[in-house]
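Peer 1: input17.cif is the file, holding mmCIF, C-alpha atoms, pLDDT in the B column; chains and numbers go by the auth columns:
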```
data_protein
#
loop_
_atom_site.group_PDB
_atom_site.id
_atom_site.type_symbol
_atom_site.label_atom_id
_atom_site.label_comp_id
_atom_site.label_asym_id
_atom_site.label_seq_id
_atom_site.Cartn_x
_atom_site.Cartn_y
_atom_site.Cartn_z
_atom_site.B_iso_or_equiv
_atom_site.auth_seq_id
_atom_site.auth_asym_id
ATOM 1 C CA MET A 1 52.428 3.668 123.958 87.00 772 A
ATOM 2 C CA GLU A 2 51.478 3.346 127.633 94.00 773 A
ATOM 3 C CA THR A 3 52.234 6.081 130.183 93.00 774 A
ATOM 4 C CA ILE A 4 52.713 5.670 133.952 95.00 775 A
ATOM 5 C CA LEU A 5 53.284 8.666 136.263 93.00 776 A
ATOM 6 C CA VAL A 6 55.187 8.095 139.504 96.00 777 A
ATOM 7 C CA PRO A 7 55.663 10.801 142.152 93.00 778 A
ATOM 8 C CA TYR A 8 59.363 11.658 142.228 91.00 779 A
ATOM 9 C CA GLU A 9 59.739 10.850 145.942 93.00 780 A
ATOM 10 C CA LYS A 10 58.472 7.326 145.284 95.00 781 A
ATOM 11 C CA TYR A 11 60.738 6.910 142.257 95.00 782 A
ATOM 12 C CA ASP A 12 63.721 8.150 144.260 93.00 783 A
ATOM 13 C CA ALA A 13 63.020 5.615 147.035 96.00 784 A
ATOM 14 C CA LEU A 14 62.630 2.706 144.565 97.00 785 A
ATOM 15 C CA LYS A 15 65.198 3.796 141.966 96.00 786 A
ATOM 16 C CA GLU A 16 67.499 0.763 142.210 97.00 787 A
ATOM 17 C CA ASP A 17 64.616 -1.738 142.059 97.00 788 A
ATOM 18 C CA ILE A 18 63.005 0.117 139.142 97.00 789 A
ATOM 19 C CA GLU A 19 66.240 0.252 137.153 95.00 790 A
ATOM 20 C CA ALA A 20 66.899 -3.456 137.747 97.00 791 A
ATOM 21 C CA TRP A 21 63.374 -4.335 136.599 98.00 792 A
ATOM 22 C CA LEU A 22 63.596 -2.111 133.509 97.00 793 A
ATOM 23 C CA ARG A 23 66.751 -3.922 132.348 95.00 794 A
ATOM 24 C CA THR A 24 64.640 -7.083 132.022 96.00 795 A
ATOM 25 C CA ARG A 25 62.156 -5.336 129.675 96.00 796 A
ATOM 26 C CA GLY A 26 64.282 -4.731 126.596 95.00 797 A
ATOM 27 C CA THR A 27 66.087 -1.612 125.505 96.00 798 A
ATOM 28 C CA GLY A 28 65.330 1.794 126.886 96.00 799 A
ATOM 29 C CA THR A 29 66.762 5.085 128.032 93.00 800 A
ATOM 30 C CA ALA A 30 66.402 7.908 130.503 92.00 801 A
ATOM 31 C CA ARG A 31 65.515 11.096 128.652 90.00 802 A
ATOM 32 C CA TYR A 32 65.886 14.777 129.427 88.00 803 A
ATOM 33 C CA GLY A 33 62.790 16.030 131.225 87.00 804 A
ATOM 34 C CA GLY A 34 61.013 19.346 131.257 84.00 805 A
ATOM 35 C CA LYS A 35 58.211 21.424 132.661 85.00 806 A
ATOM 36 C CA ALA A 36 55.107 19.407 133.603 83.00 807 A
ATOM 37 C CA GLY A 37 52.491 19.348 130.885 78.00 808 A
ATOM 38 C CA GLU A 38 54.857 20.521 128.147 78.00 809 A
ATOM 39 C CA VAL A 39 57.139 17.559 127.466 77.00 810 A
ATOM 40 C CA THR A 40 56.233 14.371 125.664 80.00 811 A
ATOM 41 C CA HIS A 41 58.726 11.870 124.336 83.00 812 A
ATOM 42 C CA TRP A 42 58.220 9.282 121.646 82.00 813 A
ATOM 43 C CA LEU A 43 59.748 5.877 122.275 86.00 814 A
ATOM 44 C CA GLY A 44 61.550 5.668 118.945 87.00 815 A
ATOM 45 C CA GLY A 45 63.130 2.206 118.830 90.00 816 A
ATOM 46 C CA ASP A 46 63.007 1.767 122.599 95.00 817 A
ATOM 47 C CA ASP A 47 60.789 -0.653 124.519 97.00 818 A
ATOM 48 C CA TRP A 48 60.602 1.883 127.379 97.00 819 A
ATOM 49 C CA CYS A 49 61.919 5.269 128.425 95.00 820 A
ATOM 50 C CA TYR A 50 61.496 7.651 131.332 95.00 821 A
ATOM 51 C CA TYR A 51 62.011 11.307 132.172 92.00 822 A
ATOM 52 C CA THR A 52 61.287 13.743 134.993 91.00 823 A
ATOM 53 C CA GLN A 53 58.922 16.684 134.968 91.00 824 A
ATOM 54 C CA TRP A 54 59.227 19.751 137.169 87.00 825 A
ATOM 55 C CA ASP A 55 56.907 22.499 138.310 84.00 826 A
ATOM 56 C CA THR A 56 57.199 26.260 137.858 78.00 827 A
ATOM 57 C CA GLU A 57 59.764 26.516 140.695 80.00 828 A
ATOM 58 C CA ARG A 58 61.864 23.852 138.929 77.00 829 A
ATOM 59 C CA THR A 59 61.192 21.324 141.663 82.00 830 A
ATOM 60 C CA VAL A 60 61.013 17.785 140.312 84.00 831 A
ATOM 61 C CA GLU A 61 57.503 16.494 140.903 87.00 832 A
ATOM 62 C CA THR A 62 56.907 13.469 138.672 92.00 833 A
ATOM 63 C CA THR A 63 58.787 10.760 136.831 93.00 834 A
ATOM 64 C CA VAL A 64 57.051 9.685 133.620 94.00 835 A
ATOM 65 C CA PHE A 65 57.539 6.145 132.318 96.00 836 A
ATOM 66 C CA LEU A 66 56.555 5.170 128.767 95.00 837 A
ATOM 67 C CA PHE A 67 56.197 1.559 127.658 97.00 838 A
ATOM 68 C CA ARG A 68 55.630 0.075 124.243 96.00 839 A
ATOM 69 C CA LYS A 69 53.864 -3.021 125.640 96.00 840 A
ATOM 70 C CA GLU A 70 50.717 -2.771 127.717 97.00 841 A
ATOM 71 C CA GLU A 71 51.766 -5.846 129.739 97.00 842 A
ATOM 72 C CA ASP A 72 54.992 -4.132 130.819 97.00 843 A
ATOM 73 C CA ALA A 73 53.108 -0.971 131.807 97.00 844 A
ATOM 74 C CA VAL A 74 50.608 -2.946 133.891 97.00 845 A
ATOM 75 C CA GLU A 75 53.305 -4.942 135.673 97.00 846 A
ATOM 76 C CA PHE A 76 55.333 -1.775 136.301 98.00 847 A
ATOM 77 C CA ALA A 77 52.283 0.016 137.744 97.00 848 A
ATOM 78 C CA LEU A 78 51.468 -2.895 140.036 97.00 849 A
ATOM 79 C CA ARG A 79 55.037 -3.080 141.307 97.00 850 A
ATOM 80 C CA PHE A 80 56.090 0.560 141.540 96.00 851 A
ATOM 81 C CA ALA A 81 53.306 3.127 141.006 90.00 852 A
#
```
Could you show the structure in this file as structure tokens?
Peer 2:
Amino acid sequence: METILVPYEKYDALKEDIEAWLRTRGTGTARYGGKAGEVTHWLGGDDWCYYTQWDTERTVETTVFLFRKEEDAVEFALRFA
């Protein structure tokens, strides 16, 4: 499992492009997020998934992307992170 962290502002600006690219990488889902440092999600049967993390004031700070394949994680990081 490969993990890429993207600042939420960057994710928000690139959301449409990211979602279009993810659809070409197999099955995946958006998951419910949680407080930074406390939430981890397993991929289950998915090829990818993502969720948001927030700080103590419940301000979204990061979007976490998980990939099953290292190649997908590297390409995602080069394009969007």
Peer 1: Residues near Tyr779 (chain A), anyone? I mean within 10 Å using only C-alpha atoms, not counting same-chain ones fewer than 4 positions away, as a list in words.
Peer 2: Asp783, Ala784, Leu785, Lys786, Thr823, Gln824, Trp825, Thr830, Val831, Glu832, Thr833, Thr834 and Val835 of chain A
Peer 1: Take the residues from that selection and put them in a file with C-alpha atoms, as a PDB file, in the frame of the given file.
Peer 2:
```pdb
ATOM      1  CA  ASP A 783      63.721   8.150 144.260  1.00 93.00           C
ATOM      2  CA  ALA A 784      63.020   5.615 147.035  1.00 96.00           C
ATOM      3  CA  LEU A 785      62.630   2.706 144.565  1.00 97.00           C
ATOM      4  CA  LYS A 786      65.198   3.796 141.966  1.00 96.00           C
ATOM      5  CA  THR A 823      61.287  13.743 134.993  1.00 91.00           C
ATOM      6  CA  GLN A 824      58.922  16.684 134.968  1.00 91.00           C
ATOM      7  CA  TRP A 825      59.227  19.751 137.169  1.00 87.00           C
ATOM      8  CA  THR A 830      61.192  21.324 141.663  1.00 82.00           C
ATOM      9  CA  VAL A 831      61.013  17.785 140.312  1.00 84.00           C
ATOM     10  CA  GLU A 832      57.503  16.494 140.903  1.00 87.00           C
ATOM     11  CA  THR A 833      56.907  13.469 138.672  1.00 92.00           C
ATOM     12  CA  THR A 834      58.787  10.760 136.831  1.00 93.00           C
ATOM     13  CA  VAL A 835      57.051   9.685 133.620  1.00 94.00           C
TER      14      VAL A 835
END
```
Peer 1: Could you tell me which residues the PyMOL selection byres ((chain A and resi 810-822) around 7) returns for this structure, as a VMD selection string?
Peer 2: chain A and resid 797 to 809 823 to 824 834 to 839
Peer 1: Take the residues from that selection and write them out as a JSON list (two decimals), in the frame of the given file, keeping C-alpha atoms.
Peer 2:
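File written: result.json
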```json
[["chain", "number", "residue", "atom", "x", "y", "z"],
["A", 797, "GLY", "CA", 64.28, -4.73, 126.60],
["A", 798, "THR", "CA", 66.09, -1.61, 125.50],
["A", 799, "GLY", "CA", 65.33, 1.79, 126.89],
["A", 800, "THR", "CA", 66.76, 5.08, 128.03],
["A", 801, "ALA", "CA", 66.40, 7.91, 130.50],
["A", 802, "ARG", "CA", 65.52, 11.10, 128.65],
["A", 803, "TYR", "CA", 65.89, 14.78, 129.43],
["A", 804, "GLY", "CA", 62.79, 16.03, 131.22],
["A", 805, "GLY", "CA", 61.01, 19.35, 131.26],
["A", 806, "LYS", "CA", 58.21, 21.42, 132.66],
["A", 807, "ALA", "CA", 55.11, 19.41, 133.60],
["A", 808, "GLY", "CA", 52.49, 19.35, 130.88],
["A", 809, "GLU", "CA", 54.86, 20.52, 128.15],
["A", 823, "THR", "CA", 61.29, 13.74, 134.99],
["A", 824, "GLN", "CA", 58.92, 16.68, 134.97],
["A", 834, "THR", "CA", 58.79, 10.76, 136.83],
["A", 835, "VAL", "CA", 57.05, 9.68, 133.62],
["A", 836, "PHE", "CA", 57.54, 6.14, 132.32],
["A", 837, "LEU", "CA", 56.56, 5.17, 128.77],
["A", 838, "PHE", "CA", 56.20, 1.56, 127.66],
["A", 839, "ARG", "CA", 55.63, 0.08, 124.24]]
```
Peer 1: What separation in Å, quoted to one decimal, exists between CA of Glu846 (chain A) and CA of Asp826 (chain A)?
Peer 2: 27.8 Å
Peer 1: Given the choices A:Arg829, A:Lys781, A:Asp788, A:Arg796, which gets closest to Ala844 (chain A) if the distance is worked out from only C-alpha atoms?
Peer 2: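 Residue with the minimum atom-to-atom distance to Ala844 (chain A): A:Arg796.
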Peer 1: What does the distance from CA of Ile789 (chain A) to CA of Phe851 (chain A) come to in Å, to one decimal?
Peer 2: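 For CA of Ile789 (chain A) relative to CA of Phe851 (chain A), the distance reads 7.3 Å.
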Peer 1: Some atoms are missing, so please complete region 814-825 of chain A with all heavy atoms and return it as a compact mmCIF listing (two decimals), in the frame of the given file.
Peer 2:
```
# COMPACT_ATOMS: atom_id res chain seq x y z
N LEU A 814 58.84 6.96 121.92
CA LEU A 814 59.75 5.88 122.28
C LEU A 814 60.82 5.63 121.23
O LEU A 814 61.87 5.08 121.54
CB LEU A 814 58.95 4.58 122.49
CG LEU A 814 58.10 4.55 123.74
CD1 LEU A 814 57.22 3.30 123.73
CD2 LEU A 814 58.95 4.57 124.97
N GLY A 815 60.58 5.99 120.00
CA GLY A 815 61.55 5.67 118.94
C GLY A 815 61.68 4.15 118.85
O GLY A 815 60.71 3.43 118.78
N GLY A 816 62.90 3.65 118.89
CA GLY A 816 63.13 2.21 118.83
C GLY A 816 63.15 1.54 120.18
O GLY A 816 63.37 0.33 120.29
N ASP A 817 62.94 2.31 121.25
CA ASP A 817 63.01 1.77 122.60
C ASP A 817 61.75 0.99 122.99
O ASP A 817 60.66 1.27 122.49
CB ASP A 817 63.19 2.89 123.63
CG ASP A 817 64.55 3.56 123.55
OD1 ASP A 817 65.51 2.90 123.08
OD2 ASP A 817 64.66 4.71 123.96
N ASP A 818 61.93 0.06 123.92
CA ASP A 818 60.79 -0.65 124.52
C ASP A 818 60.21 0.15 125.68
O ASP A 818 59.06 -0.01 126.03
CB ASP A 818 61.23 -2.03 125.03
CG ASP A 818 61.66 -2.93 123.88
OD1 ASP A 818 60.90 -3.06 122.92
OD2 ASP A 818 62.77 -3.48 123.95
N TRP A 819 61.02 1.02 126.27
CA TRP A 819 60.60 1.88 127.38
C TRP A 819 61.52 3.09 127.45
O TRP A 819 62.63 3.07 126.90
CB TRP A 819 60.63 1.13 128.71
CG TRP A 819 61.96 0.50 129.01
CD1 TRP A 819 62.33 -0.79 128.70
CD2 TRP A 819 63.10 1.10 129.62
NE1 TRP A 819 63.64 -1.01 129.09
CE2 TRP A 819 64.13 0.14 129.66
CE3 TRP A 819 63.36 2.37 130.13
CZ2 TRP A 819 65.38 0.40 130.20
CZ3 TRP A 819 64.61 2.63 130.66
CH2 TRP A 819 65.60 1.65 130.69
N CYS A 820 61.07 4.13 128.10
CA CYS A 820 61.92 5.27 128.43
C CYS A 820 61.29 5.99 129.60
O CYS A 820 60.13 5.73 129.96
CB CYS A 820 62.12 6.22 127.24
SG CYS A 820 60.69 7.20 126.79
N TYR A 821 62.06 6.85 130.25
CA TYR A 821 61.50 7.65 131.33
C TYR A 821 62.19 9.00 131.41
O TYR A 821 63.29 9.18 130.91
CB TYR A 821 61.56 6.92 132.67
CG TYR A 821 62.94 6.70 133.23
CD1 TYR A 821 63.48 7.59 134.14
CD2 TYR A 821 63.67 5.57 132.90
CE1 TYR A 821 64.74 7.37 134.69
CE2 TYR A 821 64.92 5.35 133.44
CZ TYR A 821 65.44 6.25 134.33
OH TYR A 821 66.68 6.05 134.87
N TYR A 822 61.48 9.96 132.00
CA TYR A 822 62.01 11.31 132.17
C TYR A 822 61.30 11.97 133.34
O TYR A 822 60.24 11.51 133.77
CB TYR A 822 61.85 12.14 130.90
CG TYR A 822 60.44 12.28 130.40
CD1 TYR A 822 59.66 13.39 130.74
CD2 TYR A 822 59.87 11.32 129.58
CE1 TYR A 822 58.37 13.53 130.29
CE2 TYR A 822 58.58 11.45 129.12
CZ TYR A 822 57.83 12.56 129.48
OH TYR A 822 56.55 12.69 129.03
N THR A 823 61.90 13.02 133.88
CA THR A 823 61.29 13.74 134.99
C THR A 823 60.58 14.99 134.48
O THR A 823 60.91 15.51 133.42
CB THR A 823 62.34 14.17 136.03
OG1 THR A 823 63.33 14.95 135.38
CG2 THR A 823 62.97 12.97 136.70
N GLN A 824 59.60 15.43 135.25
CA GLN A 824 58.92 16.68 134.97
C GLN A 824 59.00 17.55 136.21
O GLN A 824 58.92 17.05 137.33
CB GLN A 824 57.46 16.44 134.62
CG GLN A 824 57.27 15.78 133.28
CD GLN A 824 55.81 15.72 132.89
OE1 GLN A 824 54.95 15.53 133.74
NE2 GLN A 824 55.54 15.89 131.63
N TRP A 825 59.15 18.86 136.02
CA TRP A 825 59.23 19.75 137.17
C TRP A 825 58.15 20.82 137.08
O TRP A 825 57.56 21.05 136.04
CB TRP A 825 60.61 20.36 137.31
CG TRP A 825 61.12 21.05 136.09
CD1 TRP A 825 60.76 22.29 135.63
CD2 TRP A 825 62.09 20.56 135.16
NE1 TRP A 825 61.45 22.59 134.49
CE2 TRP A 825 62.27 21.56 134.18
CE3 TRP A 825 62.82 19.39 135.07
CZ2 TRP A 825 63.16 21.40 133.12
CZ3 TRP A 825 63.69 19.25 134.02
CH2 TRP A 825 63.85 20.23 133.07
```
